[in-house]
$ cat query.cif   # mmCIF, C-alpha atoms and all ligand atoms
data_model
loop_
_atom_site.label_atom_id
_atom_site.label_comp_id
_atom_site.auth_asym_id
_atom_site.auth_seq_id
_atom_site.Cartn_x
_atom_site.Cartn_y
_atom_site.Cartn_z
CA MET A 1 0.00 0.00 0.00
CA SER A 2 1.32 3.43 -0.86
CA TRP A 3 0.71 6.13 1.71
CA PHE A 4 1.44 8.99 -0.58
CA LYS A 5 -0.22 9.56 -3.90
CA ARG A 6 2.26 10.68 -6.49
CA ASP A 7 1.26 12.38 -9.68
CA LYS A 8 3.89 12.37 -12.37
CA PRO A 9 4.95 15.91 -13.27
CA ASP A 10 4.95 16.63 -17.00
CA SER A 11 8.75 16.51 -17.12
CA GLN A 12 8.57 12.82 -16.35
CA LYS A 13 6.33 11.87 -19.26
CA ALA A 14 7.83 10.93 -22.59
CA SER A 15 7.20 13.77 -25.05
CA PRO A 16 8.64 15.23 -28.28
CA GLU A 17 10.21 18.04 -26.18
CA ASN A 18 12.37 15.68 -24.20
CA GLY A 19 13.06 13.53 -27.24
CA GLY A 20 10.61 10.88 -26.15
CA ARG A 21 12.83 10.08 -23.20
CA ARG A 22 11.48 9.73 -19.73
CA VAL A 23 13.22 12.03 -17.29
CA LYS A 24 13.53 10.37 -13.95
CA THR A 25 11.90 12.57 -11.33
CA GLU A 26 9.78 9.94 -9.66
CA GLY A 27 9.74 10.30 -5.91
CA LEU A 28 11.13 13.84 -5.99
CA TRP A 29 7.77 15.60 -5.97
CA GLN A 30 4.57 15.12 -4.12
CA LYS A 31 1.11 16.56 -4.48
CA CYS A 32 -0.43 17.94 -1.30
CA ASP A 33 -3.72 16.21 -0.44
CA ALA A 34 -5.12 19.45 0.96
CA CYS A 35 -4.00 22.35 -1.31
CA ARG A 36 -3.26 20.19 -4.41
CA GLN A 37 0.05 22.01 -4.97
CA ILE A 38 3.16 20.14 -6.00
CA ILE A 39 5.79 20.20 -3.27
CA TRP A 40 9.43 19.25 -3.47
CA LYS A 41 9.68 16.10 -1.39
CA LYS A 42 12.99 17.09 0.16
CA GLU A 43 11.41 20.33 1.37
CA LEU A 44 8.50 18.37 2.85
CA GLU A 45 10.88 16.05 4.68
CA THR A 46 12.92 18.86 6.19
CA ASN A 47 9.64 20.41 7.39
CA TRP A 48 8.69 17.23 9.32
CA ASN A 49 6.19 16.24 6.60
CA ILE A 50 4.10 19.39 6.94
CA CYS A 51 3.07 21.07 3.67
CA THR A 52 5.13 24.23 3.28
CA LYS A 53 2.27 25.85 1.30
CA CYS A 54 -0.80 25.17 3.47
CA GLY A 55 0.37 23.50 6.69
CA HIS A 56 -1.34 20.17 5.96
CA HIS A 57 0.09 17.44 8.21
CA PHE A 58 1.17 14.37 6.25
CA ARG A 59 1.69 11.13 8.12
CA ILE A 60 5.11 10.45 9.56
CA ASP A 61 6.73 7.21 10.63
CA ALA A 62 7.62 6.30 14.19
CA PRO A 63 11.42 6.89 14.04
CA THR A 64 10.86 10.43 12.65
CA ARG A 65 8.27 11.18 15.33
CA LEU A 66 10.63 10.05 18.10
CA ARG A 67 13.41 12.17 16.61
CA LEU A 68 11.07 15.18 16.74
CA LEU A 69 9.81 14.67 20.29
CA LEU A 70 12.69 13.29 22.34
CA ASP A 71 15.76 15.29 23.36
CA GLY A 72 18.56 15.00 20.83
CA GLY A 73 16.43 12.46 18.94
CA GLU A 74 17.94 9.89 21.30
CA TYR A 75 16.12 7.02 22.94
CA GLU A 76 16.44 3.46 24.12
CA SER A 77 14.01 1.12 22.39
CA PHE A 78 12.42 -1.99 23.88
CA ASP A 79 10.91 -5.31 22.82
CA ARG A 80 12.38 -5.26 19.32
CA ASP A 81 12.63 -9.07 19.48
CA LEU A 82 8.87 -9.75 19.84
CA HIS A 83 7.24 -11.13 16.70
CA SER A 84 3.69 -12.26 16.07
CA ILE A 85 3.32 -16.03 15.73
CA ASP A 86 0.17 -15.88 13.54
CA PRO A 87 -1.98 -17.72 16.12
CA LEU A 88 -4.92 -18.36 13.75
CA GLY A 89 -2.89 -19.38 10.69
CA PHE A 90 -4.82 -16.64 8.90
CA VAL A 91 -4.91 -16.39 5.11
CA ASP A 92 -6.73 -13.75 3.03
CA LYS A 93 -5.20 -12.42 -0.20
CA GLN A 94 -1.92 -13.70 1.15
CA PRO A 95 -0.93 -15.61 4.27
CA TYR A 96 -0.79 -13.28 7.29
CA ARG A 97 2.64 -14.68 8.09
CA ASP A 98 3.94 -13.41 4.72
CA LYS A 99 2.31 -10.04 5.26
CA LEU A 100 4.08 -9.74 8.61
CA ARG A 101 7.46 -10.64 7.15
CA SER A 102 7.11 -8.18 4.25
CA SER A 103 6.02 -5.39 6.62
CA GLU A 104 9.00 -6.13 8.84
CA ARG A 105 11.29 -5.98 5.84
CA ASP A 106 9.77 -2.76 4.44
CA THR A 107 9.69 -0.82 7.71
CA GLY A 108 12.59 -2.30 9.64
CA LEU A 109 10.18 -2.71 12.57
CA ASN A 110 9.00 -5.85 14.35
CA ALA A 111 5.56 -4.42 15.15
CA ALA A 112 3.35 -1.45 14.36
CA LEU A 113 5.01 0.70 16.98
CA ILE A 114 8.27 1.62 18.68
CA SER A 115 8.44 1.57 22.45
CA ALA A 116 11.04 3.99 23.71
CA ALA A 117 12.48 5.57 26.82
CA GLY A 118 14.04 8.98 26.51
CA ALA A 119 13.91 12.51 27.81
CA LEU A 120 11.49 15.27 26.89
CA ASP A 121 12.93 18.65 27.83
CA GLY A 122 15.09 16.85 30.37
CA ARG A 123 12.23 14.87 31.93
CA ALA A 124 12.41 11.05 31.65
CA VAL A 125 9.43 9.58 29.79
CA GLN A 126 8.23 6.31 28.29
CA MET A 127 6.90 6.86 24.80
CA CYS A 128 5.13 4.45 22.44
CA VAL A 129 4.77 5.66 18.87
CA MET A 130 2.64 3.76 16.39
CA ASP A 131 3.73 3.51 12.77
CA PRO A 132 1.01 3.67 10.09
CA LYS A 133 3.35 2.00 7.57
CA PHE A 134 3.26 -1.31 9.43
CA ILE A 135 -0.03 -3.01 8.37
CA GLY A 136 -1.90 0.29 8.78
CA GLY A 137 -0.63 0.77 12.33
CA SER A 138 -2.98 -2.00 13.42
CA MET A 139 -2.98 -3.42 16.92
CA ALA A 140 -2.48 -7.14 17.57
CA SER A 141 -0.94 -9.40 20.24
CA VAL A 142 2.62 -8.08 19.97
CA GLU A 143 1.61 -4.40 19.85
CA GLY A 144 -0.63 -4.88 22.91
CA GLU A 145 2.11 -6.66 24.83
CA ILE A 146 4.66 -3.95 23.99
CA ILE A 147 2.35 -1.18 25.21
CA ALA A 148 1.43 -3.10 28.38
CA ARG A 149 5.15 -3.52 29.12
CA ALA A 150 5.72 0.20 28.52
CA VAL A 151 3.01 0.97 31.10
CA GLU A 152 4.71 -1.37 33.57
CA ARG A 153 8.08 0.25 32.88
CA ALA A 154 6.56 3.68 33.50
CA MET A 155 5.45 2.42 36.93
CA GLU A 156 8.82 0.83 37.75
CA ARG A 157 10.74 3.94 36.74
CA GLU A 158 8.05 6.34 37.99
CA THR A 159 7.91 8.27 34.73
CA PRO A 160 5.01 9.62 32.68
CA LEU A 161 3.78 7.70 29.65
CA ILE A 162 2.98 9.17 26.24
CA ILE A 163 1.37 7.12 23.48
CA VAL A 164 1.25 8.58 19.97
CA SER A 165 -1.43 6.68 18.07
CA ALA A 166 -1.80 6.22 14.31
CA SER A 167 -3.89 3.16 13.76
CA GLY A 168 -6.59 1.55 11.66
CA GLY A 169 -7.71 -0.25 14.83
CA MET A 170 -7.49 -3.87 15.85
CA ARG A 171 -5.81 -6.28 13.41
CA MET A 172 -8.45 -8.77 12.46
CA GLN A 173 -5.93 -11.35 11.27
CA GLU A 174 -5.47 -12.14 14.97
CA GLY A 175 -9.19 -12.03 15.75
CA ALA A 176 -10.17 -11.98 19.42
CA ILE A 177 -6.51 -11.98 20.49
CA SER A 178 -6.25 -8.49 18.99
CA LEU A 179 -9.47 -7.37 20.65
CA MET A 180 -8.23 -8.57 24.04
CA GLN A 181 -5.44 -6.00 23.87
CA MET A 182 -7.99 -3.22 24.41
CA ALA A 183 -8.90 -4.63 27.83
CA LYS A 184 -5.30 -5.54 28.69
CA ILE A 185 -3.94 -2.06 27.98
CA SER A 186 -6.92 -0.32 29.62
CA ALA A 187 -6.38 -2.37 32.79
CA ALA A 188 -2.66 -1.54 32.78
CA LEU A 189 -3.46 2.17 32.37
CA MET A 190 -5.79 1.99 35.36
CA ARG A 191 -2.87 0.77 37.47
CA LEU A 192 -0.74 3.63 36.13
CA ASP A 193 -3.48 6.04 37.17
CA GLU A 194 -3.63 4.48 40.64
CA ALA A 195 0.13 4.95 40.89
CA GLY A 196 -0.47 8.66 40.26
CA LEU A 197 1.57 8.77 37.07
CA PRO A 198 0.39 10.81 34.08
CA TYR A 199 -0.56 9.34 30.72
CA ILE A 200 -0.91 11.62 27.70
CA SER A 201 -2.61 10.33 24.57
CA VAL A 202 -1.60 11.97 21.28
CA LEU A 203 -3.86 11.06 18.35
CA THR A 204 -2.61 11.47 14.80
CA ASP A 205 -4.06 10.75 11.38
CA PRO A 206 -5.70 8.22 11.32
CA THR A 207 -6.78 6.88 14.73
CA THR A 208 -9.80 4.63 14.40
CA GLY A 209 -11.50 1.49 15.67
CA GLY A 210 -10.44 -0.16 18.89
CA VAL A 211 -7.53 2.20 19.51
CA THR A 212 -9.94 5.15 19.77
CA ALA A 213 -12.28 2.93 21.80
CA SER A 214 -9.60 2.11 24.37
CA TYR A 215 -6.26 3.74 25.23
CA GLY A 216 -6.63 6.48 22.60
CA MET A 217 -9.24 8.22 24.72
CA LEU A 218 -8.01 7.21 28.18
CA GLY A 219 -5.32 9.84 28.62
CA ASP A 220 -5.23 12.31 31.49
CA ILE A 221 -5.30 14.59 28.49
CA ASN A 222 -6.16 13.54 24.94
CA ILE A 223 -4.75 15.78 22.23
CA ALA A 224 -4.51 15.51 18.45
CA GLU A 225 -2.68 16.84 15.44
CA PRO A 226 -4.62 19.18 13.11
CA GLY A 227 -6.92 17.58 10.57
CA ALA A 228 -6.47 14.05 11.93
CA LEU A 229 -9.20 11.50 11.24
CA ILE A 230 -10.29 10.16 14.63
CA GLY A 231 -13.27 7.90 15.13
CA PHE A 232 -14.56 4.46 15.91
CA ALA A 233 -16.61 3.32 12.90
CA GLY A 234 -16.20 4.93 9.48
CA PRO A 235 -18.60 7.73 8.41
CA ARG A 236 -20.39 5.54 5.82
CA VAL A 237 -21.25 2.88 8.38
CA ILE A 238 -22.59 5.55 10.77
CA GLU A 239 -24.68 7.24 8.06
CA GLN A 240 -26.20 3.91 7.08
CA THR A 241 -26.95 3.06 10.70
CA ILE A 242 -28.49 6.34 11.87
CA ARG A 243 -29.90 7.24 8.40
CA GLN A 244 -28.70 10.81 8.69
CA LYS A 245 -26.18 12.90 6.82
CA LEU A 246 -23.13 13.61 8.98
CA PRO A 247 -22.02 17.22 9.51
CA GLU A 248 -19.00 18.70 7.73
CA GLY A 249 -15.66 17.88 9.30
CA PHE A 250 -17.14 15.05 11.34
CA GLN A 251 -14.42 12.86 12.93
CA ARG A 252 -11.67 15.43 12.38
CA SER A 253 -9.66 16.75 15.35
CA GLU A 254 -11.08 20.30 15.20
CA PHE A 255 -14.68 19.01 15.24
CA LEU A 256 -13.91 16.68 18.16
CA VAL A 257 -12.37 19.46 20.26
CA LYS A 258 -15.43 21.62 19.61
CA HIS A 259 -17.70 18.80 20.81
CA GLY A 260 -15.73 17.97 23.94
CA MET A 261 -14.16 14.71 22.76
CA LEU A 262 -10.59 16.03 22.81
CA ASP A 263 -8.71 18.54 24.95
CA ALA A 264 -6.70 20.32 22.27
CA VAL A 265 -5.48 20.37 18.70
CA VAL A 266 -1.71 20.83 18.71
CA PRO A 267 0.30 21.41 15.52
CA ARG A 268 3.22 19.03 15.05
CA LEU A 269 5.94 21.62 15.57
CA GLU A 270 4.31 22.82 18.81
CA MET A 271 3.79 19.29 20.14
CA LYS A 272 7.04 19.00 22.10
CA PRO A 273 6.67 22.33 23.98
CA TYR A 274 3.00 21.46 24.64
CA LEU A 275 3.87 18.02 26.06
CA SER A 276 6.64 19.55 28.13
CA LYS A 277 4.26 22.11 29.61
CA ALA A 278 1.64 19.44 30.31
CA LEU A 279 4.17 17.21 32.07
CA ARG A 280 5.35 20.17 34.16
CA PHE A 281 1.73 20.79 35.14
CA PHE A 282 1.21 17.13 36.17
CA ALA A 283 4.47 17.08 38.14
CA ALA A 284 3.34 20.11 40.13
ZN ZN B 301 -0.71 21.84 1.07
#

$ encode --input "query.cif" --output "structure tokens" --more "lines below"
Ligand SMILES: [Zn+2]
Amino acid sequence: MSWFKRDKPDSQKASPENGGRRVKTEGLWQKCDACRQIIWKKELETNWNICTKCGHHFRIDAPTRLRLLLDGGEYESFDRDLHSIDPLGFVDKQPYRDKLRSSERDTGLNAALISAAGALDGRAVQMCVMDPKFIGGSMASVEGEIIARAVERAMERETPLIIVSASGGMRMQEGAISLMQMAKISAALMRLDEAGLPYISVLTDPTTGGVTASYGMLGDINIAEPGALIGFAGPRVIEQTIRQKLPEGFQRSEFLVKHGMLDAVVPRLEMKPYLSKALRFFAA
């Protein structure tokens, strides 16, 4: 699956002007989903995947996110040796086992998230960052276990926990075992709460399904990036169920803040100072 739509600029097409030769520019340019302008990809990358023309937030992978949020981009990562064992022997278009191996190869990750310990403005934190490139950032047995362990580590080390979500929800290739993770993580977060340690949930585009229905909305504060799609069921399913047209901007961060579902919309480049301020507040 490609996360970024690429339109070929004219220079890339074979034409009489370029002697019928194709000029290789593939991957250098990208069209913005929001303002439809063509942006130089390098420029987009140096701006943390935010459109330089309109401020649209493109998705970013977990390593980039950690580099942005943790001091010096440095962190210790955990549970990199956990791999799903395909408990149901699931096969759809391809065997689930093959899908896992190809995702591991393409992303260099062992699961749809990175669990890290680092410092945020000098304060020790545990941070789990989901990666939408790994099977849509979906949550299954390994992802659930890694987050539960991060919660336990936060309690052992008496640090706050931050989870940055980007997820299509529970991974159905692991059926009920995926669904169980919602309860497992929620129970772990309750213990964190009882220990008096803060948990901040950061929702990014897209956060849907069981992630929204569990730890995504269980933070002491729940904040989101601008324009992020956040919901449980998709808008079409809801419209068919309630037989009503949904309002404009439904399930986007700004709409959810306005209707009391989220605490704040925080732009990507302001996220670190915002988290730092929030952690200072909780510490006091
Ligand atoms: Zn744009």

$ residues_near_ligand --input "query.cif" --ligand "ligand ZN 301 (chain B)" --cutoff "9 Å" --atoms "all atoms listed in the file" --output "list in words"
Lys31, Cys32, Asp33, Ala34, Cys35, Arg36, Gln37, Ile38, Ile39, Ile50, Cys51, Thr52, Lys53, Cys54, Gly55, His56 and His57 of chain A

$ write_last_selection --input "query.cif" --atoms "C-alpha atoms" --output "CSV table (one decimal), keeping the file's coordinate frame"
chain,number,residue,atom,x,y,z
A,31,LYS,CA,1.1,16.6,-4.5
A,32,CYS,CA,-0.4,17.9,-1.3
A,33,ASP,CA,-3.7,16.2,-0.4
A,34,ALA,CA,-5.1,19.4,1.0
A,35,CYS,CA,-4.0,22.4,-1.3
A,36,ARG,CA,-3.3,20.2,-4.4
A,37,GLN,CA,0.0,22.0,-5.0
A,38,ILE,CA,3.2,20.1,-6.0
A,39,ILE,CA,5.8,20.2,-3.3
A,50,ILE,CA,4.1,19.4,6.9
A,51,CYS,CA,3.1,21.1,3.7
A,52,THR,CA,5.1,24.2,3.3
A,53,LYS,CA,2.3,25.8,1.3
A,54,CYS,CA,-0.8,25.2,3.5
A,55,GLY,CA,0.4,23.5,6.7
A,56,HIS,CA,-1.3,20.2,6.0
A,57,HIS,CA,0.1,17.4,8.2

$ atom_distance --input "query.cif" --atom1 "atom CA of Phe255 of chain A" --atom2 "atom CA of Ser201 of chain A"
17.6 Å

$ atom_distance --input "query.cif" --atom1 "atom CA of Arg236 of chain A" --atom2 "atom CA of Ile177 of chain A"
26.7 Å

$ residues_near_point --input "query.cif" --point "(-2.0, -3.6, 33.9)" --cutoff "12 Å" --atoms "all atoms listed in the file" --output "PyMOL selection string"
chain A and resi 144-155+181-195

$ atom_distance --input "query.cif" --atom1 "atom CA of Glu104 of chain A" --atom2 "atom CA of Leu70 of chain A"
23.9 Å

$ closest_residue --input "query.cif" --among "A:Trp29, A:Ala119, A:Ile242, A:Ser165" --to "Gly73 of chain A" --atoms "all atoms listed in the file"
A:Ala119

$ closest_residue --input "query.cif" --among "A:Gly169, A:Gly234, A:Pro63, A:Gly137" --to "Ile114 of chain A" --atoms "only C-alpha atoms"
A:Pro63

$ closest_residue --input "query.cif" --among "A:Pro226, A:Leu100, A:Gly122, A:Trp48" --to "Pro273 of chain A" --atoms "all atoms listed in the file"
A:Gly122

$ residues_around --input "query.cif" --residues "Asn222 of chain A" --least-positions-apart "6" --cutoff "9 Å" --atoms "all atoms listed in the file" --output "JSON, numbers by chain"
{"A": [200, 201, 202, 203, 216, 261, 262, 263, 264]}

$ closest_residue --input "query.cif" --among "A:Gly108, A:Arg59, A:Ala124, A:Val142" --to "Glu76 of chain A" --atoms "all atoms listed in the file"
A:Ala124

$ closest_atom_pairs --input "query.cif" --of "segment 161-271 of chain A" --to "segment 126-135 of chain A" --cutoff "8 Å" --atoms "only C-alpha atoms" --output "JSON lines"
{"residue": "A:Leu161", "atom": "CA", "partner": "A:Gln126", "partner_atom": "CA", "distance": 4.9}
{"residue": "A:Ile162", "atom": "CA", "partner": "A:Met127", "partner_atom": "CA", "distance": 4.8}
{"residue": "A:Ile163", "atom": "CA", "partner": "A:Cys128", "partner_atom": "CA", "distance": 4.7}
{"residue": "A:Val164", "atom": "CA", "partner": "A:Val129", "partner_atom": "CA", "distance": 4.7}
{"residue": "A:Ser165", "atom": "CA", "partner": "A:Met130", "partner_atom": "CA", "distance": 5.3}
{"residue": "A:Ala166", "atom": "CA", "partner": "A:Met130", "partner_atom": "CA", "distance": 5.5}
{"residue": "A:Ser167", "atom": "CA", "partner": "A:Pro132", "partner_atom": "CA", "distance": 6.1}

$ write_last_selection --input "query.cif" --atoms "C-alpha atoms" --output "compact mmCIF listing (two decimals), keeping the file's coordinate frame"
# COMPACT_ATOMS: atom_id res chain seq x y z
CA LEU A 161 3.78 7.70 29.65
CA ILE A 162 2.98 9.17 26.24
CA ILE A 163 1.37 7.12 23.48
CA VAL A 164 1.25 8.58 19.97
CA SER A 165 -1.43 6.68 18.07
CA ALA A 166 -1.80 6.22 14.31
CA SER A 167 -3.89 3.16 13.76

$ residues_near_point --input "query.cif" --point "(7.5, -6.5, 12.4)" --cutoff "10 Å" --atoms "all atoms listed in the file" --output "list in words"
Arg80, Asp81, Leu82, His83, Ser84, Lys99, Leu100, Arg101, Ser102, Ser103, Glu104, Arg105, Asp106, Thr107, Gly108, Leu109, Asn110, Ala111, Ala112, Leu113, Phe134, Ile135, Val142 and Glu143 of chain A

$ closest_residue --input "query.cif" --among "A:Met172, A:Ile230, A:Val125, A:Leu88" --to "Glu158 of chain A" --atoms "only C-alpha atoms"
A:Val125

$ closest_residue --input "query.cif" --among "A:Arg243, A:Pro198, A:Thr64, A:Gln251" --to "Gly219 of chain A" --atoms "all atoms listed in the file"
A:Pro198

$ build_atoms --input "query.cif" --residues "segment 82-94 of chain A" --atoms "N, CA and C atoms" --output "mmCIF file, in the frame of the given file"
data_model
loop_
_atom_site.group_PDB
_atom_site.id
_atom_site.type_symbol
_atom_site.label_atom_id
_atom_site.label_comp_id
_atom_site.auth_asym_id
_atom_site.auth_seq_id
_atom_site.Cartn_x
_atom_site.Cartn_y
_atom_site.Cartn_z
ATOM 1 N N LEU A 82 10.191 -9.085 19.799
ATOM 2 C CA LEU A 82 8.870 -9.750 19.840
ATOM 3 C C LEU A 82 8.270 -9.791 18.441
ATOM 4 N N HIS A 83 7.850 -10.978 18.023
ATOM 5 C CA HIS A 83 7.240 -11.130 16.700
ATOM 6 C C HIS A 83 5.935 -11.918 16.829
ATOM 7 N N SER A 84 4.951 -11.523 16.034
ATOM 8 C CA SER A 84 3.690 -12.260 16.070
ATOM 9 C C SER A 84 3.900 -13.673 15.554
ATOM 10 N N ILE A 85 3.172 -14.631 16.162
ATOM 11 C CA ILE A 85 3.320 -16.030 15.730
ATOM 12 C C ILE A 85 2.151 -16.476 14.850
ATOM 13 N N ASP A 86 1.307 -15.544 14.389
ATOM 14 C CA ASP A 86 0.170 -15.880 13.540
ATOM 15 C C ASP A 86 -0.688 -16.971 14.187
ATOM 16 N N PRO A 87 -1.304 -16.675 15.330
ATOM 17 C CA PRO A 87 -1.980 -17.720 16.120
ATOM 18 C C PRO A 87 -3.134 -18.410 15.401
ATOM 19 N N LEU A 88 -3.771 -17.739 14.428
ATOM 20 C CA LEU A 88 -4.920 -18.360 13.750
ATOM 21 C C LEU A 88 -4.547 -18.998 12.416
ATOM 22 N N GLY A 89 -3.283 -18.882 12.012
ATOM 23 C CA GLY A 89 -2.890 -19.380 10.690
ATOM 24 C C GLY A 89 -3.715 -18.711 9.600
ATOM 25 N N PHE A 90 -3.864 -17.391 9.722
ATOM 26 C CA PHE A 90 -4.820 -16.640 8.900
ATOM 27 C C PHE A 90 -4.330 -16.423 7.465
ATOM 28 N N VAL A 91 -5.241 -16.636 6.529
ATOM 29 C CA VAL A 91 -4.910 -16.390 5.110
ATOM 30 C C VAL A 91 -6.037 -15.577 4.482
ATOM 31 N N ASP A 92 -5.718 -14.412 3.881
ATOM 32 C CA ASP A 92 -6.730 -13.750 3.030
ATOM 33 C C ASP A 92 -6.165 -13.672 1.607
ATOM 34 N N LYS A 93 -5.807 -12.467 1.129
ATOM 35 C CA LYS A 93 -5.200 -12.420 -0.200
ATOM 36 C C LYS A 93 -3.840 -13.096 -0.185
ATOM 37 N N GLN A 94 -3.195 -13.030 0.971
ATOM 38 C CA GLN A 94 -1.920 -13.700 1.150
ATOM 39 C C GLN A 94 -1.867 -14.200 2.596
#
